[in-house]
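Engineer: Data: work-v5.tsv, TSV, C-alpha atoms.
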chain	number	residue	atom	x	y	z
A	73	MET	CA	-4.72	-12.06	-28.04
A	74	LYS	CA	-1.40	-13.02	-26.50
A	75	TRP	CA	-0.04	-9.52	-27.14
A	76	HIS	CA	-3.18	-8.01	-25.64
A	77	ARG	CA	-2.81	-10.05	-22.45
A	78	PHE	CA	0.87	-9.17	-22.28
A	79	GLY	CA	-0.02	-5.49	-22.67
A	80	VAL	CA	-2.56	-5.63	-19.85
A	81	ILE	CA	-0.03	-7.32	-17.55
A	82	VAL	CA	2.59	-4.69	-18.38
A	83	PHE	CA	0.09	-1.87	-17.78
A	84	GLN	CA	-0.97	-3.37	-14.45
A	85	GLY	CA	2.66	-3.62	-13.45
A	86	ILE	CA	3.23	0.03	-14.30
A	87	LEU	CA	0.12	1.05	-12.36
A	88	VAL	CA	1.14	-0.93	-9.29
A	89	ALA	CA	4.72	0.37	-9.49
A	90	GLY	CA	3.38	3.91	-9.54
A	91	LEU	CA	1.27	3.35	-6.43
A	92	VAL	CA	3.66	1.38	-4.25
A	93	PRO	CA	6.50	3.92	-3.74
A	94	GLY	CA	5.79	6.25	-0.84
A	95	CYS	CA	3.05	4.00	0.54
A	96	ALA	CA	2.18	6.37	3.40
A	97	THR	CA	1.76	9.32	1.06
A	98	THR	CA	-0.13	7.27	-1.53
A	99	ASN	CA	-2.42	5.88	1.17
A	100	LYS	CA	-3.24	9.38	2.41
A	101	VAL	CA	-4.05	10.60	-1.09
A	102	LEU	CA	-6.34	7.65	-1.86
A	103	LYS	CA	-8.16	7.74	1.48
A	104	ALA	CA	-11.57	9.34	1.86
A	105	SER	CA	-11.77	12.78	3.41
A	106	PRO	CA	-13.40	13.10	6.87
A	107	ALA	CA	-17.18	13.16	6.99
A	108	PRO	CA	-19.07	16.05	8.62
A	109	ASP	CA	-20.46	15.54	12.13
A	110	SER	CA	-23.84	13.83	12.01
A	111	GLY	CA	-25.04	14.89	15.46
A	112	TYR	CA	-24.77	11.36	16.87
A	113	LEU	CA	-21.90	12.24	19.19
A	114	GLU	CA	-22.17	14.92	21.84
A	115	ASN	CA	-19.06	17.07	22.20
A	116	ALA	CA	-17.75	15.79	18.87
A	117	GLU	CA	-15.55	18.89	18.66
A	118	GLN	CA	-13.29	17.30	21.27
A	119	MET	CA	-12.12	14.73	18.73
A	120	LYS	CA	-8.80	15.27	16.96
A	121	GLU	CA	-6.66	13.27	14.59
A	122	ASN	CA	-4.25	11.04	16.51
A	123	ARG	CA	-2.58	8.70	14.04
A	124	GLU	CA	0.07	7.70	16.56
A	125	ARG	CA	-2.61	5.70	18.30
A	126	ALA	CA	-5.87	5.40	16.37
A	127	PRO	CA	-6.33	4.87	12.60
A	128	PHE	CA	-9.37	7.16	12.42
A	129	ASN	CA	-10.03	10.61	11.00
A	130	ARG	CA	-10.68	11.83	14.54
A	131	ALA	CA	-10.75	10.38	18.04
A	132	TRP	CA	-10.95	11.36	21.70
A	133	VAL	CA	-10.18	9.39	24.87
A	134	ASP	CA	-10.86	10.37	28.46
A	135	PRO	CA	-7.47	10.70	30.19
A	136	SER	CA	-8.69	8.46	33.02
A	137	PHE	CA	-9.88	5.67	30.70
A	138	SER	CA	-8.08	2.33	30.84
A	139	THR	CA	-9.42	-0.85	29.28
A	140	SER	CA	-7.65	-2.82	32.00
A	141	ASN	CA	-10.48	-1.80	34.35
A	142	TYR	CA	-12.99	-3.81	32.31
A	143	HIS	CA	-13.38	-7.50	31.56
A	144	THR	CA	-16.44	-7.71	29.33
A	145	ILE	CA	-17.76	-5.84	26.31
A	146	ALA	CA	-21.26	-5.39	24.95
A	147	ILE	CA	-21.83	-4.34	21.36
A	148	ALA	CA	-24.98	-2.32	20.87
A	149	ARG	CA	-27.24	-2.40	17.84
A	150	VAL	CA	-25.61	-0.35	15.12
A	151	ASN	CA	-27.51	2.92	14.78
A	152	THR	CA	-28.68	4.20	11.40
A	153	ASP	CA	-30.90	7.06	12.58
A	154	TYR	CA	-28.21	9.66	11.95
A	155	ALA	CA	-27.30	8.52	8.46
A	156	LEU	CA	-27.24	11.36	5.99
A	157	LYS	CA	-29.92	9.80	3.79
A	158	ALA	CA	-31.28	13.16	2.68
A	159	SER	CA	-27.98	14.12	1.05
A	160	THR	CA	-27.39	14.26	-2.69
A	161	TRP	CA	-26.18	10.67	-3.07
A	162	ALA	CA	-29.47	9.22	-1.82
A	163	LYS	CA	-31.35	11.08	-4.54
A	164	THR	CA	-28.98	10.47	-7.44
A	165	ASN	CA	-27.17	7.19	-6.76
A	166	VAL	CA	-28.03	4.41	-9.19
A	167	ARG	CA	-28.93	2.12	-6.28
A	168	ASN	CA	-31.95	4.35	-5.63
A	169	LEU	CA	-33.29	3.41	-9.05
A	170	VAL	CA	-33.14	-0.28	-8.14
A	171	THR	CA	-34.75	-0.09	-4.71
A	172	LYS	CA	-36.96	2.67	-3.38
A	173	ASN	CA	-36.46	1.48	0.20
A	174	LEU	CA	-32.88	2.34	1.11
A	175	ASP	CA	-33.81	1.84	4.78
A	176	GLN	CA	-33.68	-1.91	4.12
A	177	ASP	CA	-30.12	-1.53	2.85
A	178	PHE	CA	-29.14	0.39	5.97
A	179	ALA	CA	-30.74	-2.20	8.25
A	180	MET	CA	-29.01	-5.03	6.41
A	181	ILE	CA	-25.55	-3.46	6.60
A	182	ALA	CA	-26.04	-2.38	10.23
A	183	GLY	CA	-26.98	-5.93	11.21
A	184	GLU	CA	-23.98	-7.37	9.37
A	185	PHE	CA	-21.66	-4.85	11.00
A	186	ARG	CA	-22.74	-5.78	14.52
A	187	GLU	CA	-22.44	-9.49	13.76
A	188	MET	CA	-18.95	-8.89	12.37
A	189	LEU	CA	-17.87	-6.97	15.47
A	190	VAL	CA	-19.18	-9.67	17.79
A	191	GLU	CA	-17.43	-12.38	15.79
A	192	LYS	CA	-14.11	-10.49	15.67
A	193	PHE	CA	-14.07	-9.91	19.42
A	194	ARG	CA	-15.05	-13.50	20.18
A	195	LYS	CA	-12.61	-15.17	17.80
A	196	SER	CA	-9.56	-12.94	18.11
A	197	ASP	CA	-6.61	-14.67	19.79
A	198	THR	CA	-5.50	-11.34	21.28
A	199	ASN	CA	-8.87	-10.31	22.72
A	200	ARG	CA	-9.26	-10.59	26.49
A	201	PHE	CA	-12.86	-9.34	26.71
A	202	ASP	CA	-15.84	-11.66	27.02
A	203	VAL	CA	-18.64	-10.52	24.73
A	204	VAL	CA	-21.89	-10.26	26.70
A	205	ASP	CA	-25.48	-9.41	25.87
A	206	THR	CA	-26.33	-8.22	29.38
A	207	PRO	CA	-23.86	-5.57	30.63
A	208	GLY	CA	-22.45	-5.72	34.15
A	209	ASP	CA	-20.40	-3.34	36.28
A	210	ASP	CA	-17.18	-4.33	34.50
A	211	THR	CA	-18.61	-3.95	30.98
A	212	LEU	CA	-17.68	-1.55	28.23
A	213	ILE	CA	-20.43	-0.77	25.73
A	214	LEU	CA	-19.38	-0.16	22.14
A	215	GLU	CA	-21.92	2.01	20.32
A	216	ILE	CA	-21.57	2.72	16.60
A	217	ALA	CA	-23.64	4.70	14.13
A	218	ILE	CA	-23.48	4.51	10.36
A	219	THR	CA	-23.59	8.13	9.25
A	220	GLN	CA	-23.05	7.64	5.51
A	221	LEU	CA	-23.52	4.61	3.30
A	222	VAL	CA	-22.89	5.18	-0.39
A	223	PRO	CA	-23.21	2.03	-2.49
A	224	GLY	CA	-20.82	1.41	-5.35
A	225	LYS	CA	-22.37	1.52	-8.80
A	226	ALA	CA	-22.44	-2.21	-9.42
A	227	PHE	CA	-23.20	-2.03	-13.12
A	228	LEU	CA	-20.18	0.22	-13.68
A	229	GLY	CA	-18.10	-2.27	-11.75
A	230	THR	CA	-19.26	-4.95	-14.15
A	231	LEU	CA	-18.46	-2.71	-17.10
A	232	GLY	CA	-15.01	-2.01	-15.72
A	233	LEU	CA	-14.23	-5.68	-15.21
A	234	ALA	CA	-15.40	-6.56	-18.71
A	235	ALA	CA	-13.30	-3.75	-20.13
A	236	TRP	CA	-10.08	-5.44	-19.05
A	237	ALA	CA	-10.87	-8.21	-21.56
A	238	ALA	CA	-11.53	-5.72	-24.36
A	239	PRO	CA	-8.92	-4.78	-26.98
A	240	LEU	CA	-6.11	-2.94	-25.22
A	241	PRO	CA	-6.66	0.60	-26.61
A	242	ILE	CA	-10.28	0.47	-25.41
A	243	GLY	CA	-10.14	-1.83	-22.40
A	244	VAL	CA	-7.60	0.02	-20.27
A	245	PRO	CA	-9.17	3.51	-20.41
A	246	VAL	CA	-12.70	2.17	-19.91
A	247	GLY	CA	-11.58	-0.11	-17.10
A	248	LEU	CA	-9.88	2.72	-15.26
A	249	ALA	CA	-12.76	5.14	-15.77
A	250	ALA	CA	-15.29	2.62	-14.47
A	251	ALA	CA	-13.10	1.72	-11.51
A	252	TYR	CA	-13.05	5.31	-10.31
A	253	ALA	CA	-16.68	6.06	-11.24
A	254	GLN	CA	-18.09	3.18	-9.19
A	255	THR	CA	-16.44	4.21	-5.92
A	256	GLY	CA	-18.68	3.92	-2.87
A	257	TRP	CA	-17.92	4.96	0.68
A	258	MET	CA	-19.09	4.56	4.25
A	259	ALA	CA	-18.74	6.73	7.36
A	260	ILE	CA	-19.16	5.80	11.00
A	261	GLU	CA	-19.12	7.49	14.38
A	262	GLY	CA	-18.73	5.59	17.62
A	263	ARG	CA	-18.27	5.81	21.34
A	264	VAL	CA	-17.24	3.58	24.22
A	265	ARG	CA	-19.35	3.93	27.36
A	266	ASP	CA	-18.84	2.80	30.95
A	267	THR	CA	-21.89	0.74	31.89
A	268	LYS	CA	-21.82	1.53	35.59
A	269	THR	CA	-21.62	5.31	35.28
A	270	GLY	CA	-22.97	5.79	31.76
A	271	LYS	CA	-20.02	8.05	31.04
A	272	VAL	CA	-18.56	8.22	27.54
A	273	MET	CA	-14.91	7.20	27.80
A	274	ALA	CA	-13.89	7.43	24.12
A	275	MET	CA	-15.20	8.63	20.77
A	276	PHE	CA	-14.13	8.18	17.17
A	277	ALA	CA	-15.19	9.02	13.63
A	278	ASP	CA	-13.94	7.70	10.31
A	279	ARG	CA	-14.83	7.46	6.64
A	280	GLU	CA	-13.52	4.94	4.14
A	281	GLN	CA	-14.00	4.65	0.40
A	282	SER	CA	-13.51	1.73	-1.95
A	283	LYS	CA	-9.98	0.39	-2.06
A	284	THR	CA	-8.10	1.00	-5.29
A	285	ARG	CA	-7.65	-2.22	-7.27
A	286	VAL	CA	-6.32	-3.06	-10.69
A	287	ILE	CA	-9.29	-5.39	-11.16
A	288	ASP	CA	-12.16	-4.88	-8.72
A	289	LEU	CA	-14.44	-7.86	-8.16
A	290	GLU	CA	-15.89	-6.12	-5.09
A	291	ALA	CA	-17.44	-3.64	-7.53
A	292	LEU	CA	-19.78	-6.36	-8.78
A	293	THR	CA	-21.89	-5.92	-5.63
A	294	TRP	CA	-23.52	-2.79	-4.28
A	295	TYR	CA	-21.98	-3.01	-0.82
A	296	GLY	CA	-18.91	-5.20	-1.26
A	297	ASN	CA	-16.63	-2.27	-0.51
A	298	ALA	CA	-18.63	-1.26	2.57
A	299	ARG	CA	-18.26	-4.77	3.95
A	300	GLU	CA	-14.52	-4.53	3.39
A	301	SER	CA	-14.41	-1.27	5.36
A	302	MET	CA	-16.43	-2.81	8.17
A	303	ASN	CA	-14.02	-5.72	8.36
A	304	ASP	CA	-11.07	-3.30	8.65
A	305	TRP	CA	-12.82	-1.25	11.34
A	306	ALA	CA	-13.69	-4.36	13.35
A	307	ASP	CA	-10.07	-5.52	13.31
A	308	GLN	CA	-8.87	-2.06	14.36
A	309	LEU	CA	-11.35	-1.81	17.24
A	310	VAL	CA	-10.28	-5.20	18.57
A	311	GLN	CA	-6.66	-4.03	18.49
A	312	LEU	CA	-7.44	-0.73	20.18
A	313	ALA	CA	-9.34	-2.47	22.97
A	314	ASN	CA	-6.49	-4.89	23.63
A	315	THR	CA	-3.34	-2.78	23.33
A	316	PRO	CA	-1.77	-0.12	25.59
A	317	LYS	CA	-2.28	3.58	24.84
A	318	ASP	CA	1.25	3.95	23.43
A	319	VAL	CA	0.76	1.27	20.75
A	320	LYS	CA	0.00	2.50	17.25
A	321	VAL	CA	-2.83	0.71	15.46
A	322	GLU	CA	-2.11	0.97	11.75
A	323	ASP	CA	-4.61	2.33	9.26
A	324	SER	CA	-5.96	0.04	6.57
A	325	SER	CA	-4.43	0.30	3.13
A	326	ALA	CA	-6.22	2.27	0.43
A	327	PHE	CA	-4.73	0.00	-2.24
A	328	THR	CA	-4.78	-3.77	-2.59
A	329	LEU	CA	-3.61	-6.28	-5.18
A	330	LYS	CA	-6.49	-8.60	-4.26
A	331	PRO	CA	-9.39	-8.46	-6.76
A	332	TRP	CA	-11.89	-9.19	-3.93
Let me see whether you can do it: turn the structure in this file into structure tokens.
Structural biologist:
Amino acid sequence: MKWHRFGVIVFQGILVAGLVPGCATTNKVLKASPAPDSGYLENAEQMKENRERAPFNRAWVDPSFSTSNYHTIAIARVNTDYALKASTWAKTNVRNLVTKNLDQDFAMIAGEFREMLVEKFRKSDTNRFDVVDTPGDDTLILEIAITQLVPGKAFLGTLGLAAWAAPLPIGVPVGLAAAYAQTGWMAIEGRVRDTKTGKVMAMFADREQSKTRVIDLEALTWYGNARESMNDWADQLVQLANTPKDVKVEDSSAFTLKPW
């Protein structure tokens, strides 16, 4: 048993050592590819990748837009109407065998996402915007749509975690296979609107998949990885709203040593 544990530790060390060098390149490889346009955003073709400013697959900002002209922010109900629920994953994902009403899952995650955004803006030490429910003339409205929500395969996550305690020749291959097989992902599209004019001042779109972990406790829940992505997005949006246009907001890491 001692030798088995030692072997797992050595293997984990080798795995981590192989992922850490060239973090930027590794992060790009492990990141999810951009999602197709859902139809939520008008003029979505205007969006381009701009990693020097925004950590999203694509973004667009009106040249005249400056957050300094606004003092409050309203966060709209997170939209799920444009989610690609008719795509292959909705028909074949294991989660569909557990619940026949995926709309409830979407509503749950959408509600949690809005609550998370409100909390992040209200509690951030760097945020200068008051969060309001009733927009005024100096209010920005943040509107977000979930366009894809693919749950991780929780039972495979459980299998993968158990495999790390199995005899070394079996545990490592099964653990790795399950870790990759259970990957879920989530895609969003969003816009920032001027309340007074109704004009869209900025747009963005991004997709994130489960972070790569040596041991993944997030995989024990269907939407643990989606909640992690939402947390990253909320932090990034707070930073973007409160920093000048020439400040780079870093992308979230695709790899973490944390098991949860």
Engineer: Let me have the centre and edge lengths of the axis-aligned box enclosing all listed atoms of stretch 182-200 of chain A with 4 Å padding on every side, in Å to one decimal, as AutoDock Vina command-line options.
Structural biologist:
--center_x -16.2 --center_y -8.8 --center_z 17.9 --size_x 29.5 --size_y 20.8 --size_z 25.1
Engineer: Looking at only C-alpha atoms, which of A:Ala126, A:Ala107, A:Ala146, A:Met119 is the one that sits closest to A:Ile218?
Structural biologist: A:Ala107
Engineer: Write out as a VMD selection string which residues come within 7 Å of stretch 215-217 of chain A when counting only C-alpha atoms, dropping same-chain ones fewer than 5 positions away.
Structural biologist: chain A and resid 147 to 148 150 to 152 260 to 264
Engineer: Just give me the residues with any atom within 12 Å of (-15.0, -1.5, 7.4), file coordinates, counting all atoms listed in the file, written as an MDAnalysis selection string.
Structural biologist: chainID A and resid 127:128 181:182 184:186 188:189 218 221 257:260 278:283 295:309 323:326
Engineer: What does the structure give for the distance between atom CA of A:Gly208 and atom CA of A:Tyr112, in Å to one decimal?
Structural biologist: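 One can read the atom CA of A:Gly208 to atom CA of A:Tyr112 distance as 24.4 Å.
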Engineer: For atom CA of A:Val222 and atom CA of A:Phe193, quote the distance in Å rounded to one decimal.
Structural biologist: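 Pair atom CA of A:Val222 / atom CA of A:Phe193 returns 26.4 Å.
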Engineer: For A:Gln118, which residue among A:Ala274, A:Val321, A:Leu312, A:Val190 is the nearest when counting all atoms listed in the file?
Structural biologist: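 With all atoms listed in the file as the atom set, the closest residue is A:Ala274.
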Engineer: Using atom CA of A:Arg149 and atom CA of A:Val272 as the two end points, give the distance in Å to one decimal.
Structural biologist: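 Interatomic distance, atom CA of A:Arg149 to atom CA of A:Val272: 16.8 Å.
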Engineer: Show me, as a VMD selection string, the residues that have an atom within 6 Å of A:Thr211 when counting all atoms listed in the file, minus same-chain residues fewer than 4 positions from it.
Structural biologist: chain A and resid 142 144 to 145 207 267
